[in-house]
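Visitor: Sharing target.csv here; it has CSV, C-alpha atoms.
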```
chain,number,residue,atom,x,y,z
A,1,MET,CA,98.9,141.6,175.3
A,2,LEU,CA,100.6,141.7,178.7
A,3,THR,CA,98.5,142.2,181.7
A,4,PRO,CA,99.6,143.5,185.1
A,5,LEU,CA,101.2,140.9,187.3
A,6,GLN,CA,98.9,141.8,190.2
A,7,HIS,CA,96.2,140.1,188.2
A,8,ARG,CA,98.2,136.9,187.8
A,9,LEU,CA,98.6,135.7,191.3
A,10,ASN,CA,99.1,132.1,192.2
A,11,PRO,CA,95.6,130.5,191.7
A,12,SER,CA,96.1,128.5,194.9
A,13,GLY,CA,96.0,131.7,196.9
A,14,SER,CA,98.8,130.5,199.1
A,15,ILE,CA,101.3,132.9,197.5
A,16,ASP,CA,100.4,136.5,197.2
A,17,PHE,CA,102.2,139.5,195.8
A,18,GLY,CA,100.5,141.4,198.6
A,19,ILE,CA,102.8,139.7,201.1
A,20,LEU,CA,105.9,141.1,199.4
A,21,ASP,CA,104.3,144.5,198.8
A,22,THR,CA,103.4,144.8,202.5
A,23,GLU,CA,106.8,143.7,203.6
A,24,LEU,CA,108.6,146.1,201.3
A,25,GLU,CA,106.3,149.0,202.3
A,26,GLU,CA,107.2,148.3,205.9
A,27,VAL,CA,110.9,148.2,205.2
A,28,TRP,CA,110.6,151.4,203.1
A,29,GLY,CA,108.9,153.1,206.1
A,30,LYS,CA,111.7,151.9,208.4
A,31,VAL,CA,114.4,153.1,206.0
A,32,VAL,CA,112.8,156.5,205.6
A,33,ARG,CA,112.2,157.0,209.3
A,34,ASN,CA,115.8,155.9,210.0
A,35,CYS,CA,117.1,158.5,207.5
A,36,GLY,CA,114.8,161.1,209.1
A,37,ARG,CA,116.4,160.4,212.5
A,38,GLU,CA,119.8,161.0,210.9
A,39,LEU,CA,118.5,164.5,209.9
A,40,GLY,CA,117.7,165.4,213.5
A,41,ARG,CA,114.8,165.6,215.8
A,42,ASP,CA,113.3,168.7,214.3
A,43,VAL,CA,112.8,167.0,210.9
A,44,ALA,CA,109.5,165.2,210.6
A,45,VAL,CA,109.5,162.4,208.0
A,46,GLN,CA,106.4,160.7,206.8
A,47,PRO,CA,107.1,157.8,204.4
A,48,VAL,CA,105.3,157.9,201.1
A,49,ALA,CA,103.4,154.9,199.9
A,50,PHE,CA,105.7,152.3,198.4
A,51,SER,CA,105.1,149.5,196.0
A,52,PHE,CA,106.7,148.1,193.0
A,53,ASP,CA,105.1,148.0,189.6
A,54,TRP,CA,105.4,144.3,189.0
A,55,TYR,CA,104.0,144.6,185.5
A,56,ASN,CA,107.0,146.8,184.6
A,57,VAL,CA,109.5,144.5,186.3
A,58,ARG,CA,108.1,141.6,184.3
A,59,PHE,CA,108.2,143.6,181.1
A,60,ARG,CA,111.8,144.6,181.6
A,61,ILE,CA,112.8,141.0,182.4
A,62,ILE,CA,111.1,139.7,179.2
A,63,GLU,CA,112.8,142.4,177.2
A,64,GLY,CA,116.1,141.6,178.9
A,65,LEU,CA,115.7,137.9,177.9
A,66,ARG,CA,115.1,138.9,174.3
A,67,HIS,CA,118.2,141.0,174.3
A,68,THR,CA,120.2,138.3,176.1
A,69,ALA,CA,119.4,135.9,173.4
A,70,HIS,CA,120.6,138.4,170.8
A,71,TRP,CA,123.7,139.2,172.9
A,72,ARG,CA,124.7,135.6,172.9
A,73,TYR,CA,124.0,135.2,169.2
A,74,VAL,CA,126.3,138.2,168.5
A,75,ARG,CA,129.0,136.8,170.7
A,76,CYS,CA,128.9,133.5,168.8
A,77,TYR,CA,128.7,135.2,165.5
A,78,GLY,CA,131.7,137.4,166.2
A,79,PRO,CA,130.9,140.9,167.5
A,80,ALA,CA,133.2,142.7,165.1
A,81,ILE,CA,132.0,140.9,162.0
A,82,TYR,CA,128.4,141.3,163.1
A,83,GLN,CA,128.8,145.0,163.6
A,84,ALA,CA,130.5,145.4,160.2
A,85,ILE,CA,127.8,143.6,158.4
A,86,LYS,CA,125.1,145.5,160.2
A,87,ARG,CA,126.8,148.8,159.3
A,88,GLU,CA,127.0,147.8,155.7
A,89,MET,CA,123.4,146.8,155.7
A,90,GLU,CA,122.4,150.0,157.2
A,91,GLU,CA,124.3,151.8,154.5
A,92,GLY,CA,122.5,149.8,151.9
A,93,ASP,CA,125.6,148.2,150.6
A,94,VAL,CA,124.0,144.8,150.3
A,95,ALA,CA,125.5,144.0,146.9
A,96,ALA,CA,129.0,143.6,148.2
A,97,MET,CA,127.8,141.2,150.8
A,98,ASP,CA,126.7,138.8,148.1
A,99,SER,CA,130.2,138.7,146.6
A,100,ASP,CA,131.8,135.3,146.3
A,101,ASN,CA,135.2,136.9,146.9
A,102,PRO,CA,135.8,137.1,150.6
A,103,GLU,CA,138.2,140.0,150.1
A,104,GLU,CA,135.2,142.0,148.8
A,105,ARG,CA,133.0,141.3,151.8
A,106,PRO,CA,132.3,144.4,153.9
A,107,TYR,CA,133.8,143.2,157.1
A,108,LYS,CA,137.2,142.8,155.4
A,109,ARG,CA,137.2,146.5,154.6
A,110,LYS,CA,139.1,149.0,156.6
A,111,ARG,CA,137.3,151.7,158.4
A,112,HIS,CA,136.8,155.0,156.5
B,113,MET,CA,131.6,137.4,181.6
B,114,PRO,CA,129.9,140.8,181.5
B,115,PRO,CA,126.4,141.1,182.9
B,116,SER,CA,123.7,140.0,180.6
B,117,PRO,CA,120.8,142.2,179.4
B,118,ALA,CA,118.4,140.0,181.4
B,119,HIS,CA,120.3,140.9,184.6
B,120,GLU,CA,120.3,144.6,183.7
B,121,GLY,CA,116.6,144.6,182.8
B,122,GLY,CA,115.7,143.4,186.3
B,123,ILE,CA,117.9,146.0,188.0
B,124,TYR,CA,116.6,148.8,185.8
B,125,ALA,CA,113.0,148.1,186.7
B,126,ILE,CA,113.8,148.2,190.4
B,127,GLN,CA,116.1,151.1,190.2
B,128,ARG,CA,113.6,153.4,188.4
B,129,ARG,CA,110.9,152.6,191.0
B,130,ILE,CA,113.0,153.2,194.0
B,131,PHE,CA,114.4,156.4,192.5
B,132,SER,CA,110.9,157.7,191.8
B,133,ARG,CA,109.9,157.0,195.4
B,134,MET,CA,113.0,158.8,196.6
B,135,GLN,CA,112.0,161.8,194.6
B,136,LEU,CA,108.5,161.7,195.9
B,137,GLN,CA,109.8,161.4,199.4
B,138,GLU,CA,112.1,164.4,198.9
B,139,GLU,CA,109.1,166.5,198.0
B,140,ARG,CA,107.9,165.9,201.5
B,141,THR,CA,111.3,166.1,203.1
B,142,PRO,CA,113.8,167.9,200.9
B,143,GLN,CA,116.6,167.4,203.4
B,144,LEU,CA,116.8,163.8,202.6
B,145,ASP,CA,118.7,164.7,199.4
B,146,GLN,CA,121.6,165.6,201.6
B,147,ILE,CA,122.0,162.2,203.2
B,148,TRP,CA,120.7,159.4,200.9
B,149,ARG,CA,122.0,158.0,197.6
B,150,LEU,CA,121.0,155.3,195.3
B,151,GLN,CA,124.1,153.7,193.7
B,152,CYS,CA,125.0,150.8,191.4
B,153,ASN,CA,127.8,148.3,191.7
B,154,ARG,CA,129.5,150.0,194.6
B,155,SER,CA,131.8,147.8,196.7
B,156,ASN,CA,130.8,147.1,200.3
B,157,PHE,CA,133.2,145.6,202.7
B,158,TYR,CA,132.3,143.0,205.3
B,159,GLU,CA,134.5,141.6,208.0
B,160,GLN,CA,135.2,138.0,207.7
B,161,ILE,CA,137.0,135.6,210.0
B,162,THR,CA,140.2,135.7,208.1
B,163,GLU,CA,140.0,138.6,205.7
B,164,ALA,CA,137.9,141.6,204.7
B,165,GLU,CA,135.9,140.9,201.6
B,166,SER,CA,134.0,143.2,199.4
B,167,TYR,CA,130.8,142.6,197.6
B,168,GLN,CA,129.1,144.6,194.9
B,169,ALA,CA,125.4,144.8,195.2
B,170,ASP,CA,123.7,145.6,191.9
B,171,LEU,CA,121.8,148.5,193.6
B,172,THR,CA,122.1,150.0,197.1
B,173,LEU,CA,120.4,152.7,198.9
B,174,TYR,CA,122.8,154.5,201.2
B,175,CYS,CA,122.0,156.7,204.1
B,176,LYS,CA,124.9,158.8,205.4
B,177,ASN,CA,127.2,156.3,203.5
B,178,LYS,CA,125.7,153.3,205.3
B,179,ALA,CA,124.1,150.6,203.1
B,180,VAL,CA,120.5,150.4,204.3
B,181,LEU,CA,118.8,148.5,201.4
B,182,HIS,CA,120.2,146.3,198.6
B,183,HIS,CA,118.9,144.9,195.4
B,184,GLU,CA,120.4,141.9,193.7
B,185,CYS,CA,119.4,140.5,190.3
B,186,THR,CA,120.9,137.2,189.2
B,187,PHE,CA,120.8,135.5,185.9
B,188,SER,CA,121.7,131.8,186.0
B,189,GLN,CA,123.8,132.2,189.1
B,190,ARG,CA,124.3,129.3,191.5
B,191,GLU,CA,121.9,129.5,194.4
B,192,GLY,CA,124.7,128.8,196.9
B,193,ASP,CA,126.7,131.8,195.7
B,194,LEU,CA,123.7,134.0,196.0
B,195,LEU,CA,122.9,132.9,199.5
B,196,CYS,CA,126.5,133.3,200.6
B,197,LYS,CA,126.6,136.8,199.3
B,198,VAL,CA,123.2,137.7,200.8
B,199,GLY,CA,124.2,136.2,204.1
B,200,ARG,CA,127.4,138.3,204.3
B,201,MET,CA,125.7,141.5,203.3
B,202,LEU,CA,123.0,141.1,205.9
B,203,GLU,CA,125.7,140.9,208.6
B,204,ASP,CA,125.9,144.6,208.3
B,205,PRO,CA,123.7,146.0,211.2
B,206,ALA,CA,122.7,149.0,209.1
B,207,CYS,CA,121.1,146.9,206.4
B,208,TRP,CA,117.3,146.4,206.5
B,209,GLY,CA,117.2,143.8,203.8
B,210,ILE,CA,117.9,142.7,200.3
B,211,LEU,CA,115.4,142.4,197.5
B,212,VAL,CA,116.4,139.6,195.1
B,213,ILE,CA,115.2,138.9,191.6
B,214,ARG,CA,116.5,135.5,190.5
B,215,ILE,CA,116.2,134.6,186.8
B,216,GLN,CA,117.2,131.0,186.4
B,217,GLU,CA,117.5,129.0,183.2
B,218,VAL,CA,115.9,125.7,183.7
B,219,ASP,CA,118.6,123.9,181.8
B,220,LYS,CA,122.2,125.0,181.4
B,221,TRP,CA,122.6,126.9,178.1
B,222,SER,CA,125.6,126.0,175.9
B,223,PRO,CA,126.6,128.0,172.9
B,224,PRO,CA,126.1,126.3,169.5
B,225,LYS,CA,129.1,124.3,168.4
B,226,ARG,CA,128.9,125.2,164.7
B,227,SER,CA,130.6,128.2,163.2
B,228,PHE,CA,128.5,131.1,161.8
B,229,LYS,CA,128.6,132.4,158.2
B,230,GLN,CA,127.4,135.4,156.5
B,231,ASP,CA,124.1,133.7,155.6
B,232,ASP,CA,123.4,133.3,159.4
B,233,PHE,CA,123.2,137.1,159.8
B,234,ILE,CA,120.0,138.3,161.5
B,235,SER,CA,119.6,142.0,161.9
B,236,PRO,CA,118.7,143.4,165.3
B,237,SER,CA,115.4,144.7,164.1
B,238,SER,CA,114.5,141.3,162.6
B,239,TRP,CA,115.6,139.6,165.8
B,240,GLU,CA,113.6,141.9,167.9
B,241,ALA,CA,110.4,141.5,165.9
B,242,ALA,CA,110.6,137.7,165.6
B,243,VAL,CA,111.5,137.1,169.3
B,244,GLU,CA,108.9,139.5,170.5
B,245,ALA,CA,106.3,137.6,168.6
B,246,MET,CA,107.6,134.4,170.0
B,247,GLN,CA,107.4,135.8,173.5
B,248,GLN,CA,103.7,136.6,173.2
B,249,ASP,CA,102.9,133.0,173.6
B,250,LYS,CA,105.6,132.0,176.1
B,251,PRO,CA,107.2,135.1,177.7
B,252,PHE,CA,109.7,133.1,179.7
B,253,GLY,CA,110.2,130.4,177.1
B,254,GLY,CA,113.6,129.6,175.5
B,255,VAL,CA,114.5,131.7,172.4
B,256,SER,CA,115.5,129.8,169.2
B,257,MET,CA,116.5,131.6,166.1
B,258,GLY,CA,118.4,130.6,163.0
B,259,GLY,CA,118.3,127.0,163.9
B,260,SER,CA,120.0,127.5,167.3
B,261,LYS,CA,118.8,127.9,170.8
B,262,TRP,CA,120.0,131.1,172.5
B,263,THR,CA,118.2,131.0,175.8
B,264,GLU,CA,116.6,128.2,177.7
B,265,ASP,CA,113.2,128.4,179.5
B,266,VAL,CA,113.6,130.5,182.6
B,267,ASP,CA,112.0,130.6,186.1
B,268,VAL,CA,111.8,134.0,187.7
B,269,ASP,CA,111.6,134.4,191.4
B,270,VAL,CA,111.4,137.5,193.5
B,271,CYS,CA,112.0,137.4,197.3
B,272,PHE,CA,113.0,139.7,200.1
B,273,PHE,CA,115.6,138.7,202.6
B,274,PRO,CA,114.9,140.6,205.8
B,275,SER,CA,117.8,141.7,208.0
B,276,SER,CA,117.1,138.9,210.4
B,277,TRP,CA,117.9,136.2,207.7
B,278,MET,CA,121.1,134.3,208.2
B,279,GLU,CA,123.0,132.0,205.9
B,280,GLY,CA,121.7,128.5,206.5
B,281,ASP,CA,118.1,129.7,207.1
B,282,PRO,CA,115.5,128.5,204.5
B,283,MET,CA,115.0,130.7,201.5
B,284,PRO,CA,112.3,133.3,202.0
B,285,THR,CA,109.0,132.6,200.2
B,286,LEU,CA,109.5,133.1,196.5
B,287,VAL,CA,106.3,135.2,196.3
B,288,CYS,CA,105.9,135.6,192.6
B,289,HIS,CA,107.3,132.5,191.0
B,290,ALA,CA,103.9,131.5,189.6
B,291,ALA,CA,102.8,135.0,188.9
B,292,LEU,CA,105.8,135.6,186.7
B,293,SER,CA,106.0,132.3,185.1
B,294,ASP,CA,102.5,131.1,184.3
B,295,ILE,CA,101.7,133.8,181.7
```
Go ahead and express the file in the form of structure tokens.
Guide:
Amino acid sequence: MLTPLQHRLNPSGSIDFGILDTELEEVWGKVVRNCGRELGRDVAVQPVAFSFDWYNVRFRIIEGLRHTAHWRYVRCYGPAIYQAIKREMEEGDVAAMDSDNPEERPYKRKRH
Amino acid sequence: MPPSPAHEGGIYAIQRRIFSRMQLQEERTPQLDQIWRLQCNRSNFYEQITEAESYQADLTLYCKNKAVLHHECTFSQREGDLLCKVGRMLEDPACWGILVIRIQEVDKWSPPKRSFKQDDFISPSSWEAAVEAMQQDKPFGGVSMGGSKWTEDVDVDVCFFPSSWMEGDPMPTLVCHAALSDI
């Protein structure tokens, strides 16, 4: 079970997500006010609160690592062959995959 | 080499958050929609001593076509290359800073030397289930499947380079190295 990053700060206390969050919120405020100035003096711009959901960032990275591993595997396996076998499996044509004759294997077939 | 899913995952997380804040901000100030844009992989030009170079940030917030905030996500990219790129991009006076997520494999990964046969086939769903279970214990650990290693252990750092940062300065504090890794 994953827990939010905010609850997993460096135990030494010397490094804190709060530092980054504060810095980013300040920058967001500057960016928004700067954009507001571009709109003209009669447009008042009040920056909204800004922070990142670090739990979500972590979740996406872990997911990305999982998919990177698979991506590398498929590249080594041979993407075309992999996709052909996958398609055949999805179609339930597993019997042909067990054939000893390479010519009968699914990835040797032409597209329908 | 095309960008890896790890690289894209980091960008996606940042992109959706910035976009949601932009939408919230536009509820207060609808006119902002006319002047700001969040764009991916757009070339930005920087004046160099001998030539004009372009860099593509993974994600950039533009205000009236000026790049004001960048995000970079790197996967196993050389630190020197990253710092050079960041330094160049911060030379733009319109830029307020660059948020960087650096995903670094602890050891250099090399593809398996053996060839793969039909028996080595692992379906995407089997892969997903097996690796997800593996990641419960060690989220940033290397992934091994089918007798081969497909990713090495990674460190993940997040840091913000303010506009005042220059190439040659020390790296900003990597604020969540431990927070991301020690789970």
Visitor: Rounded to one decimal, what separation in Å do you get between CA of Val198 in chain B and CA of Pro223 in chain B?
Guide: 29.7 Å
Visitor: Contacts of Gln146 in chain B at 10 Å or less, counting all atoms listed in the file, minus same-chain residues fewer than 3 places along, as a list in words?
Guide: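 Selected residues are Leu39 of chain A; Glu138, Pro142, Gln143, Arg149, Cys175 and Lys176 of chain B.
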Visitor: Could you dump the residues just selected with C-alpha atoms as a CSV table (one decimal), in the coordinates of the input?
Guide:
```csv
chain,number,residue,atom,x,y,z
A,39,LEU,CA,118.5,164.5,209.9
B,138,GLU,CA,112.1,164.4,198.9
B,142,PRO,CA,113.8,167.9,200.9
B,143,GLN,CA,116.6,167.4,203.4
B,149,ARG,CA,122.0,158.0,197.6
B,175,CYS,CA,122.0,156.7,204.1
B,176,LYS,CA,124.9,158.8,205.4
```
Visitor: I'd like to know which of B:Asn156, B:Gln216, B:Ser116, B:Ser276 is closest to chain A, using all atoms listed in the file.
Guide: B:Ser116
Visitor: Using only C-alpha atoms and a distance of at most 8 Å, pull out the residues of chain B that contact chain A, as a ChimeraX atom specification.
Guide: /B:116-122,124-126,129,133,136-137,140-141,143-144,147-148,175-176,180-181,208-209,223-224,227-229,233,235-236,239-240,243-244,247-248,251-252,255,262-263,271-272,287-288,290-292,295
Visitor: Between B:Leu202, B:Ser260, B:Cys196, B:Phe273, which is the closest to Lys225 in chain B once you count only C-alpha atoms?
Guide: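 Of B:Leu202, B:Ser260, B:Cys196, B:Phe273, the one nearest Lys225 in chain B, counting only C-alpha atoms, is B:Ser260.
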Visitor: To one decimal place in Å, what is the distance between CA of Val268 in chain B and CA of Asp219 in chain B?
Guide: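 Between CA of Val268 in chain B and CA of Asp219 in chain B the gap is 13.5 Å.
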